[in-house]
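Undergrad: Next comes upload.csv, CSV, C-alpha atoms:
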```csv
chain,number,residue,atom,x,y,z
A,1,MET,CA,-11.3,-21.5,92.3
A,2,LEU,CA,-10.7,-18.4,90.2
A,3,HIS,CA,-13.8,-16.3,89.5
A,4,ILE,CA,-13.7,-14.7,86.0
A,5,ARG,CA,-16.1,-12.0,84.9
A,6,LEU,CA,-16.1,-11.0,81.3
A,7,ILE,CA,-17.7,-7.6,80.7
A,8,VAL,CA,-18.6,-6.9,77.1
A,9,LEU,CA,-20.4,-4.2,75.2
A,10,GLY,CA,-23.1,-5.6,72.9
A,11,ASN,CA,-24.3,-9.2,72.4
A,12,LEU,CA,-23.6,-12.0,70.0
A,13,LYS,CA,-26.2,-12.2,67.2
A,14,GLU,CA,-24.7,-15.0,65.2
A,15,SER,CA,-25.2,-18.6,66.4
A,16,TYR,CA,-21.6,-19.6,65.5
A,17,TRP,CA,-20.2,-17.0,67.9
A,18,ARG,CA,-22.5,-18.1,70.6
A,19,GLU,CA,-21.6,-21.7,70.1
A,20,ALA,CA,-17.9,-20.9,70.2
A,21,VAL,CA,-18.3,-18.9,73.4
A,22,ALA,CA,-20.4,-21.7,75.0
A,23,GLU,CA,-17.6,-24.2,74.1
A,24,TYR,CA,-15.0,-22.2,75.9
A,25,GLU,CA,-17.2,-21.5,78.9
A,26,LYS,CA,-17.7,-25.3,79.2
A,27,ARG,CA,-13.9,-25.8,79.0
A,28,LEU,CA,-13.1,-23.0,81.4
A,29,GLY,CA,-15.5,-24.6,83.9
A,30,ALA,CA,-12.8,-27.1,84.8
A,31,PHE,CA,-10.6,-24.3,86.1
A,32,ALA,CA,-12.8,-21.3,87.0
A,33,LYS,CA,-16.2,-20.0,87.6
A,34,ILE,CA,-17.1,-17.7,84.7
A,35,ASP,CA,-19.8,-15.3,84.0
A,36,ILE,CA,-20.3,-13.0,81.1
A,37,VAL,CA,-22.0,-9.6,81.5
A,38,GLU,CA,-23.3,-8.1,78.3
A,39,LEU,CA,-23.9,-4.4,78.5
A,40,LYS,CA,-25.7,-2.2,76.1
A,41,GLU,CA,-23.6,-0.4,73.6
A,42,GLN,CA,-24.5,3.3,73.4
A,43,ARG,CA,-26.2,4.2,70.2
A,44,LEU,CA,-24.5,6.7,68.0
A,45,PRO,CA,-25.4,8.4,64.7
A,46,GLU,CA,-23.9,7.0,61.5
A,47,ASP,CA,-21.1,9.6,61.4
A,48,PRO,CA,-20.6,10.6,65.1
A,49,SER,CA,-18.6,13.6,66.1
A,50,PRO,CA,-15.7,13.2,68.5
A,51,ALA,CA,-17.8,14.7,71.3
A,52,GLU,CA,-20.6,12.2,70.7
A,53,ILE,CA,-18.1,9.3,70.8
A,54,THR,CA,-16.6,10.7,74.1
A,55,LEU,CA,-20.0,11.0,75.7
A,56,ALA,CA,-21.0,7.5,74.6
A,57,LEU,CA,-17.7,6.0,76.0
A,58,GLU,CA,-18.3,7.8,79.3
A,59,ARG,CA,-21.8,6.4,79.6
A,60,GLU,CA,-20.5,3.0,78.8
A,61,ALA,CA,-17.7,3.5,81.4
A,62,ASP,CA,-20.3,4.1,84.1
A,63,ALA,CA,-22.0,0.8,83.3
A,64,ILE,CA,-18.7,-1.1,83.0
A,65,LEU,CA,-17.3,0.2,86.3
A,66,ASN,CA,-20.5,-0.6,88.1
A,67,ALA,CA,-20.3,-4.2,86.9
A,68,VAL,CA,-16.8,-4.8,88.2
A,69,PRO,CA,-16.9,-6.8,91.5
A,70,PRO,CA,-15.1,-5.3,94.5
A,71,ARG,CA,-11.4,-6.4,94.8
A,72,SER,CA,-11.4,-8.0,91.4
A,73,PHE,CA,-8.2,-7.7,89.3
A,74,LEU,CA,-9.4,-5.5,86.3
A,75,VAL,CA,-8.0,-6.1,82.8
A,76,ALA,CA,-9.0,-3.6,80.0
A,77,LEU,CA,-8.4,-4.9,76.5
A,78,CYS,CA,-7.1,-2.0,74.4
A,79,VAL,CA,-4.7,-1.5,71.5
A,80,GLU,CA,-2.1,0.3,73.6
A,81,GLY,CA,-2.1,-2.5,76.2
A,82,LYS,CA,0.8,-4.8,77.0
A,83,GLN,CA,1.2,-7.9,74.8
A,84,LEU,CA,1.9,-11.1,76.8
A,85,SER,CA,2.8,-14.6,75.7
A,86,SER,CA,0.5,-17.4,76.9
A,87,PRO,CA,3.0,-18.4,79.6
A,88,GLU,CA,3.3,-14.8,80.7
A,89,LEU,CA,-0.5,-14.5,80.9
A,90,ALA,CA,-0.5,-17.8,82.9
A,91,ASP,CA,1.9,-16.2,85.4
A,92,GLN,CA,-0.3,-13.2,85.7
A,93,LEU,CA,-3.4,-15.4,86.3
A,94,SER,CA,-1.5,-17.3,88.9
A,95,HIS,CA,-0.8,-14.1,90.7
A,96,VAL,CA,-4.5,-13.1,90.5
A,97,MET,CA,-5.6,-16.5,91.8
A,98,HIS,CA,-3.4,-16.1,94.8
A,99,GLN,CA,-4.1,-12.5,95.5
A,100,SER,CA,-7.8,-11.9,95.0
A,101,GLY,CA,-9.2,-14.9,93.3
A,102,ALA,CA,-11.3,-12.7,91.0
A,103,LEU,CA,-10.5,-11.5,87.5
A,104,THR,CA,-12.6,-9.1,85.4
A,105,LEU,CA,-11.8,-8.6,81.8
A,106,VAL,CA,-13.4,-5.8,79.7
A,107,ILE,CA,-14.0,-5.7,76.0
A,108,GLY,CA,-15.2,-2.2,74.9
A,109,SER,CA,-17.5,-1.1,72.2
A,110,SER,CA,-16.6,-0.4,68.6
A,111,HIS,CA,-15.1,2.9,69.7
A,112,GLY,CA,-13.0,1.2,72.4
A,113,LEU,CA,-13.0,2.1,76.1
A,114,SER,CA,-13.2,5.4,78.0
A,115,PRO,CA,-9.8,6.6,79.4
A,116,ARG,CA,-11.5,6.3,82.8
A,117,VAL,CA,-11.9,2.5,82.4
A,118,LYS,CA,-8.3,2.2,81.2
A,119,SER,CA,-7.0,4.1,84.1
A,120,ALA,CA,-9.0,2.0,86.6
A,121,ALA,CA,-7.6,-1.2,85.2
A,122,ASP,CA,-4.8,-3.1,87.0
A,123,LEU,CA,-3.6,-4.3,83.6
A,124,ARG,CA,-4.1,-3.0,80.0
A,125,LEU,CA,-3.9,-6.0,77.7
A,126,SER,CA,-3.5,-6.1,74.0
A,127,VAL,CA,-4.1,-9.5,72.4
A,128,SER,CA,-2.7,-8.4,69.1
A,129,LYS,CA,-1.7,-5.3,67.1
A,130,LEU,CA,-4.4,-6.4,64.6
A,131,THR,CA,-8.0,-5.2,64.9
A,132,PHE,CA,-10.7,-7.8,65.4
A,133,PRO,CA,-14.5,-7.7,65.5
A,134,HIS,CA,-15.7,-7.6,69.1
A,135,GLN,CA,-17.6,-10.9,68.6
A,136,MET,CA,-14.4,-12.6,67.5
A,137,MET,CA,-12.4,-10.9,70.3
A,138,ARG,CA,-14.7,-12.5,72.8
A,139,VAL,CA,-13.9,-15.9,71.5
A,140,LEU,CA,-10.2,-15.2,71.2
A,141,LEU,CA,-10.1,-13.9,74.8
A,142,LEU,CA,-11.8,-16.9,76.2
A,143,GLU,CA,-9.5,-19.2,74.3
A,144,THR,CA,-6.5,-17.2,75.5
A,145,ILE,CA,-7.7,-17.5,79.1
A,146,TYR,CA,-8.4,-21.2,78.7
A,147,ARG,CA,-4.9,-21.8,77.3
A,148,SER,CA,-3.2,-19.9,80.1
A,149,LEU,CA,-5.2,-21.8,82.8
A,150,SER,CA,-4.3,-25.0,81.0
A,151,ILE,CA,-0.7,-24.1,81.3
A,152,LEU,CA,-1.1,-23.5,85.0
A,153,HIS,CA,-2.9,-26.8,85.5
A,154,GLY,CA,-0.4,-28.8,83.4
A,155,THR,CA,-2.8,-30.1,80.8
A,156,LYS,CA,-1.7,-31.0,77.3
A,157,TYR,CA,-3.8,-28.3,75.6
A,158,HIS,CA,-0.9,-25.8,75.3
A,159,LYS,CA,1.9,-27.3,73.2
```
Would you mind writing the structure in this file as structure tokens?
TA:
Amino acid sequence: MLHIRLIVLGNLKESYWREAVAEYEKRLGAFAKIDIVELKEQRLPEDPSPAEITLALEREADAILNAVPPRSFLVALCVEGKQLSSPELADQLSHVMHQSGALTLVIGSSHGLSPRVKSAADLRLSVSKLTFPHQMMRVLLLETIYRSLSILHGTKYHK
């Protein structure tokens, strides 16, 4: 069974986001073991300088990279990442299932991800050219993974 770890910066404050995440965690349970690791987002002043942002991203990178299990296929979500269709992502997940059996996906903070995390990733993935709130991205990513695993398992979810 595929083991999925989702590493995210920050937590979900609103109940509707937590409920949506819980629903997809339940659905994913049929195909994979999933755990979500919430890391603390570095605090920044209201109008941070580029140097302050870089320092915060580097501190977050330390926590992110320490939370990645050994031999896990690492996916960094970032705007410059590759965009895949649901069947293409399903193919990628099939490869991961047969190679390591472990997948780690990272959603960065409001300032993104450190270049160090991006360069450590096996795949840089962009879900869209649009920008979404991180809370919504968590739900979208879980739905995307669920859809791709549904394709692999031949269910009727993906039409």
Undergrad: Which residues of region 54-90 of chain A come within 12 Å of region 22-43 of chain A, and for each one, what is the closest pair of atoms and their distance in Å to one decimal, counting only C-alpha atoms, sorted by chain and residue number, as a Markdown table?
TA:
```
| residue | atom | partner | partner_atom | distance |
| --- | --- | --- | --- | --- |
| A:Thr54 | CA | A:Gln42 | CA | 10.8 |
| A:Leu55 | CA | A:Gln42 | CA | 9.2 |
| A:Ala56 | CA | A:Gln42 | CA | 5.6 |
| A:Leu57 | CA | A:Gln42 | CA | 7.8 |
| A:Glu58 | CA | A:Gln42 | CA | 9.7 |
| A:Arg59 | CA | A:Gln42 | CA | 7.4 |
| A:Glu60 | CA | A:Gln42 | CA | 6.7 |
| A:Ala61 | CA | A:Leu39 | CA | 10.5 |
| A:Asp62 | CA | A:Leu39 | CA | 10.8 |
| A:Ala63 | CA | A:Leu39 | CA | 7.3 |
| A:Ile64 | CA | A:Leu39 | CA | 7.6 |
| A:Leu65 | CA | A:Leu39 | CA | 11.2 |
| A:Asn66 | CA | A:Leu39 | CA | 10.9 |
| A:Ala67 | CA | A:Val37 | CA | 7.8 |
| A:Val68 | CA | A:Val37 | CA | 9.7 |
| A:Pro69 | CA | A:Val37 | CA | 11.6 |
```
Undergrad: Around (-6.9, -3.4, 86.9) in the file's own coordinates, what residues are found within 7 Å if you use only C-alpha atoms, given back as a PDB file with C-alpha atoms, in the coordinates of the input?
TA:
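Ended up saving to out01.pdb:
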```
ATOM      1  CA  PHE A  73      -8.200  -7.700  89.300  1.00  0.00           C
ATOM      2  CA  LEU A  74      -9.400  -5.500  86.300  1.00  0.00           C
ATOM      3  CA  VAL A  75      -8.000  -6.100  82.800  1.00  0.00           C
ATOM      4  CA  ALA A 120      -9.000   2.000  86.600  1.00  0.00           C
ATOM      5  CA  ALA A 121      -7.600  -1.200  85.200  1.00  0.00           C
ATOM      6  CA  ASP A 122      -4.800  -3.100  87.000  1.00  0.00           C
ATOM      7  CA  LEU A 123      -3.600  -4.300  83.600  1.00  0.00           C
TER       8      LEU A 123
END
```
Undergrad: In Å to one decimal, how far is CA of Ser114 (chain A) from CA of Glu52 (chain A)?
TA: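 Spanning CA of Glu52 (chain A) to CA of Ser114 (chain A) is a straight-line distance of 12.4 Å.
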Undergrad: Have a look at A:Ala51, A:Met1, A:Val8, A:Leu125 and name the one nearest to Gln92 (chain A); count only C-alpha atoms.
TA: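 Looking at the shortest contact to Gln92 (chain A), the residue is A:Leu125.
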Undergrad: Kindly indicate which residue among A:Leu130, A:Ile145, A:Val117, A:Leu44 lies nearest to Val79 (chain A), using all atoms listed in the file for the distances.
TA: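 When distances to Val79 (chain A) are compared using all atoms listed in the file, the smallest one comes from A:Leu130.
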Undergrad: At what distance in Å, to one decimal, does CA of Gly112 (chain A) lie from CA of Gly10 (chain A)?
TA: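 Atom-to-atom, CA of Gly10 (chain A) and CA of Gly112 (chain A) are spaced 12.2 Å apart.
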Undergrad: Using only C-alpha atoms, which residue out of A:Leu2, A:His153, A:Ser128, A:Gln135 lies closest to Ser85 (chain A)?
TA: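 Once distances to Ser85 (chain A) are computed over only C-alpha atoms, the minimum belongs to A:Ser128.
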Undergrad: If you measure from CA of Leu152 (chain A) to CA of His134 (chain A), what distance in Å do you get, rounded to one decimal?
TA: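 Separating CA of Leu152 (chain A) from CA of His134 (chain A) is a distance of 26.8 Å.
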Undergrad: Which one of A:Ser94, A:Thr104, A:Ser86, A:Ser110 sits closest to Thr131 (chain A) if you count only C-alpha atoms?
TA: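 Selected residue with least distance to Thr131 (chain A): A:Ser110.
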Undergrad: List as a PyMOL selection string the protein and nucleic acid residues near Leu103 (chain A), meaning an atom at most 7 Å away when all atoms listed in the file are counted, but skip any in the same chain fewer than 6 places from it.
TA: chain A and resi 3-5+72-74+96
Undergrad: Ranking A:Ser126, A:Ser49, A:Ser15, A:Thr155 by minimum distance to Leu105 (chain A) and counting all atoms listed in the file, which one comes first?
TA: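 Of A:Ser126, A:Ser49, A:Ser15, A:Thr155, the one nearest Leu105 (chain A) is A:Ser126, counting all atoms listed in the file.
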Undergrad: Using only C-alpha atoms, list the residues that have an atom at most 6 Å from (-15.0, -4.9, 78.2), coordinates as in the file, as a list of chain:residue names.
TA: A:Ile7, A:Val8, A:Val106, A:Ile107, A:Gly108
Undergrad: Using all atoms listed in the file for the distances, tell me which of A:Asn11, A:Thr144, A:Tyr16, A:Lys156 is nearest to Ala90 (chain A).
TA: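 Answer, going by the shortest atom-to-atom distance: A:Thr144.
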